[in-house]
Amino acid sequence: MKTDQSFAEDIIKEVRKRGDFSAEVYMSASSSTSIDVKGQEIEALERADEFGYSLRVIGKDRIGFSYSTDPDRWQDVIETAITNAAFTDEDPYSGMAEPETVPSVITHDPGVSELTDDSLLEKALEIEKAALDHDRRIRKVRKASASKTESEVLVMTSTGVSLRYSGTALSGQIMVVAEDGEDSQMGWGYESSRLLSDIDFPAIGSIAAERAIQLLGAGKAETGRGDILIESHVATEFLSILASAFSSENIQKGKSLLAGRRDEKVFSERLNLIDDPTLEGRPGSRPFDGEGIPSRRIRLVSEGVVSNFLYNIRTAKREGLRSTGNAVRAGIESLPGVGISNFFIEPASGDYRLSREALIGSMKRGIIVTEAMGMHTANPISGDFSVGITGLWVEGGRIVRPVKEAAISGNIQDIFRKIAAFGDRTKFYGRTGSPDILFEDIDISG
């Protein structure tokens, strides 16, 4: 089932008949297919179709909320939301979007829509074949898969907002094992986009294979201070810790390491941080947010200085500000919170962007970090972290051997003050994006 504008209109009209309420309908529908392969044969095919809608009402600053996946229960949803509003506390910061012009953002690719099961299977097979063909030491494939999703989102309010957009999503991934004698190492590859042309499926397999092969024979790292070159997919894991710190919701609750630090230089002057839902074809791209506020690019950090935070309508009203268009929904079951769209790092100047070869060549002694373990244990409020790392040891600008069982620890603010340079290509993994990042003078535990 697709989103239905007339259905949303009927719900809002009925709410208005029940009293002096503002009303908002949020509706979503999606259809997804995922195919797993192993040994160049299909192992699993899964389909999922989802539809649901939620209703938020506001009367005398009291919020009522309800939702359902059943279109026939819309009268019950209205009754529940209005009843709930009578028992909630007053919230003077509650509100709904007003009509505004939204930008044109490319979120849908007909090429993804037209992928048949056979063509999606072919993509998954390409990933696995490329991995197996890369090197004879690739002995096992844990899983190779390709997935596609088509979706629609609708937001309608009694204040006059009526918006809808459709989106596509496509991804491929693989996990492989390289073996050489008694030694075995794992490698992972993943890409995702809203656009078919963005994804090189054979490259996913080749990259995973190379990551596994280059770690064969890994030994312990040396303890001391040195340079670390964090590859883009690992850098986005660090970014995911930072992302929650820019949520105005967390700042207002005192649960952010950036609380009270607007206009303060917190990070390296070589760093800009951006949230931009208007990027073409990225996973977090959208023309409007979960409340119907138009999308726009937000610069959160400019040359190391914290310049902005992310807001929805409620958190913005608490500070007398305008929403940045960062209302997010965990699904139809939740009220709008605050979150990122496409959250990424960019160099403050092109002078800080180098080729991979130049980055490695500038390292005196240290590690290229290809994998980090335990990032989920980092404290998003204090920024403290301690993670195990695997990678490649560098001496005098040359890779000399693979290493494992090393660790780095510290505070995310401190490490992001020690940026030396960036790679020349930004890659997105989900909604976070980063180039490779070179940090100087970092404690490494072997």
# chains A, B, ... in the order shown; residues from 1 in each chain; ligands from 1
$ residues_around --residues "Pro435 (chain A)" --least-positions-apart "2" --cutoff "7 Å" --atoms "only C-alpha atoms" --output "compact mmCIF listing (two decimals) with N, CA and C atoms, in the first residue's frame"
# COMPACT_ATOMS: atom_id res chain seq x y z
N SER A 232 38.13 5.85 6.02
CA SER A 232 36.85 6.55 6.06
C SER A 232 35.75 5.78 6.78
N PHE A 422 43.44 15.28 5.42
CA PHE A 422 42.32 14.44 5.02
C PHE A 422 42.62 13.78 3.68
N GLY A 423 41.95 12.65 3.44
CA GLY A 423 42.01 12.03 2.13
C GLY A 423 41.25 12.82 1.10
N ASP A 424 41.37 12.42 -0.17
CA ASP A 424 40.75 13.19 -1.25
C ASP A 424 39.41 12.64 -1.71
N ARG A 425 38.83 11.71 -0.93
CA ARG A 425 37.52 11.19 -1.31
C ARG A 425 36.67 10.96 -0.07
N THR A 426 35.50 11.56 -0.04
CA THR A 426 34.56 11.36 1.07
C THR A 426 33.62 10.21 0.73
N LYS A 427 33.49 9.27 1.65
CA LYS A 427 32.58 8.14 1.46
C LYS A 427 31.55 8.12 2.57
N ILE A 437 41.23 10.16 7.51
CA ILE A 437 41.73 11.27 8.32
C ILE A 437 43.06 10.89 8.97
$ residues_around --residues "Ala327 (chain A)" --least-positions-apart "6" --cutoff "9 Å" --atoms "only C-alpha atoms" --output "mmCIF file with N, CA and C atoms, in the first residue's frame"
data_model
loop_
_atom_site.group_PDB
_atom_site.id
_atom_site.type_symbol
_atom_site.label_atom_id
_atom_site.label_comp_id
_atom_site.auth_asym_id
_atom_site.auth_seq_id
_atom_site.Cartn_x
_atom_site.Cartn_y
_atom_site.Cartn_z
ATOM 1 N N ASP A 289 11.773 17.363 6.612
ATOM 2 C CA ASP A 289 12.037 16.467 7.744
ATOM 3 C C ASP A 289 10.763 15.799 8.238
ATOM 4 N N GLY A 290 10.843 15.153 9.381
ATOM 5 C CA GLY A 290 9.720 14.380 9.903
ATOM 6 C C GLY A 290 8.549 15.194 10.389
ATOM 7 N N GLU A 291 8.675 16.531 10.380
ATOM 8 C CA GLU A 291 7.558 17.412 10.745
ATOM 9 C C GLU A 291 7.087 18.259 9.574
ATOM 10 N N GLY A 292 7.744 18.115 8.409
ATOM 11 C CA GLY A 292 7.359 18.913 7.248
ATOM 12 C C GLY A 292 8.115 20.222 7.124
ATOM 13 N N ILE A 293 9.236 20.365 7.861
ATOM 14 C CA ILE A 293 10.087 21.547 7.740
ATOM 15 C C ILE A 293 11.038 21.346 6.554
ATOM 16 N N LEU A 310 21.472 20.994 15.967
ATOM 17 C CA LEU A 310 20.348 20.475 15.192
ATOM 18 C C LEU A 310 19.056 20.588 16.004
ATOM 19 N N TYR A 311 17.993 21.098 15.368
ATOM 20 C CA TYR A 311 16.739 21.362 16.070
ATOM 21 C C TYR A 311 15.539 20.804 15.322
ATOM 22 N N ASN A 312 14.517 20.400 16.098
ATOM 23 C CA ASN A 312 13.180 20.228 15.548
ATOM 24 C C ASN A 312 12.342 21.411 16.032
ATOM 25 N N ILE A 313 11.045 21.398 15.788
ATOM 26 C CA ILE A 313 10.204 22.546 16.161
ATOM 27 C C ILE A 313 10.227 22.777 17.664
ATOM 28 N N PRO A 336 8.289 12.963 16.856
ATOM 29 C CA PRO A 336 9.533 13.413 16.230
ATOM 30 C C PRO A 336 10.595 13.796 17.255
ATOM 31 N N GLY A 337 11.796 13.224 17.086
ATOM 32 C CA GLY A 337 12.940 13.594 17.892
ATOM 33 C C GLY A 337 13.867 14.492 17.081
ATOM 34 N N VAL A 338 15.155 14.500 17.435
ATOM 35 C CA VAL A 338 16.149 15.300 16.721
ATOM 36 C C VAL A 338 17.268 14.375 16.261
ATOM 37 N N GLY A 339 17.671 14.508 15.014
ATOM 38 C CA GLY A 339 18.730 13.640 14.522
ATOM 39 C C GLY A 339 19.357 14.165 13.248
ATOM 40 N N ILE A 340 20.375 13.454 12.786
ATOM 41 C CA ILE A 340 21.118 13.849 11.596
ATOM 42 C C ILE A 340 20.386 13.448 10.319
#
$ residues_around --residues "region 147-154 of chain A" --least-positions-apart "2" --cutoff "7 Å" --atoms "only C-alpha atoms" --output "list in words"
Lys2, Thr3, Tyr26, Met27, Ser28, Ala29, Ser30, Ser31, Ser32, Thr33, Ser34, Ile35, Ser113, Ser145, Met156, Leu163, Arg164, Tyr165, Ser166, Gly167, Thr168, Ala169, Leu170, Ser171 and Gly172 of chain A
$ atom_distance --atom1 "CA of Thr390 (chain A)" --atom2 "CA of Ala218 (chain A)"
8.6 Å
$ residues_around --residues "Pro92 (chain A)" --least-positions-apart "6" --cutoff "10 Å" --atoms "only C-alpha atoms" --output "MDAnalysis selection string"
chainID A and resid 60:62 314 317:318
$ write_last_selection --atoms "N, CA and C atoms" --output "compact mmCIF listing (two decimals), in the first residue's frame"
# COMPACT_ATOMS: atom_id res chain seq x y z
N LYS A 60 -4.76 23.02 23.54
CA LYS A 60 -4.41 23.74 24.78
C LYS A 60 -3.03 23.31 25.28
N ASP A 61 -2.09 23.24 24.35
CA ASP A 61 -0.69 22.89 24.64
C ASP A 61 -0.52 21.47 25.18
N ARG A 62 -1.51 20.63 24.99
CA ARG A 62 -1.40 19.24 25.41
C ARG A 62 -1.34 18.35 24.17
N ARG A 314 10.07 21.72 18.45
CA ARG A 314 9.95 21.86 19.90
C ARG A 314 11.24 22.39 20.52
N LYS A 317 11.84 26.08 19.66
CA LYS A 317 10.99 27.02 20.39
C LYS A 317 11.49 27.23 21.82
N ARG A 318 12.08 26.22 22.39
CA ARG A 318 12.61 26.35 23.76
C ARG A 318 13.71 27.43 23.82
$ select_by_dssp --residues "region 300-434 of chain A" --states "alpha helix (DSSP H)" --output "ChimeraX atom specification"
/A:313-318,356-361,412-415
$ write_last_selection --atoms "C-alpha atoms" --output "tab-separated table (two decimals), in the first residue's frame"
chain	number	residue	atom	x	y	z
A	313	ILE	CA	10.20	22.55	16.16
A	314	ARG	CA	9.95	21.86	19.90
A	315	THR	CA	13.63	22.21	20.80
A	316	ALA	CA	13.94	25.33	18.63
A	317	LYS	CA	10.99	27.02	20.39
A	318	ARG	CA	12.61	26.35	23.76
A	356	ARG	CA	46.14	8.40	-0.01
A	357	GLU	CA	49.72	7.98	-1.15
A	358	ALA	CA	50.62	11.43	0.14
A	359	LEU	CA	48.92	10.77	3.48
A	360	ILE	CA	50.87	7.55	4.01
A	361	GLY	CA	54.06	9.17	2.78
A	412	ILE	CA	36.97	12.42	20.98
A	413	GLN	CA	37.40	16.19	21.41
A	414	ASP	CA	41.12	15.77	21.99
A	415	ILE	CA	41.68	13.46	19.03
$ residues_around --residues "region 131-142 of chain A" --least-positions-apart "3" --cutoff "8 Å" --atoms "only C-alpha atoms" --output "list in words"
Lys38, Gly39, Ile127, Glu128, Ile174, Met175, Val176, Val177, Ala178, Glu179, Asp180, Pro202, Ile204, Gly205, Ser206, Ile207, Ala208, Ala209, Glu210 and Ile213 of chain A
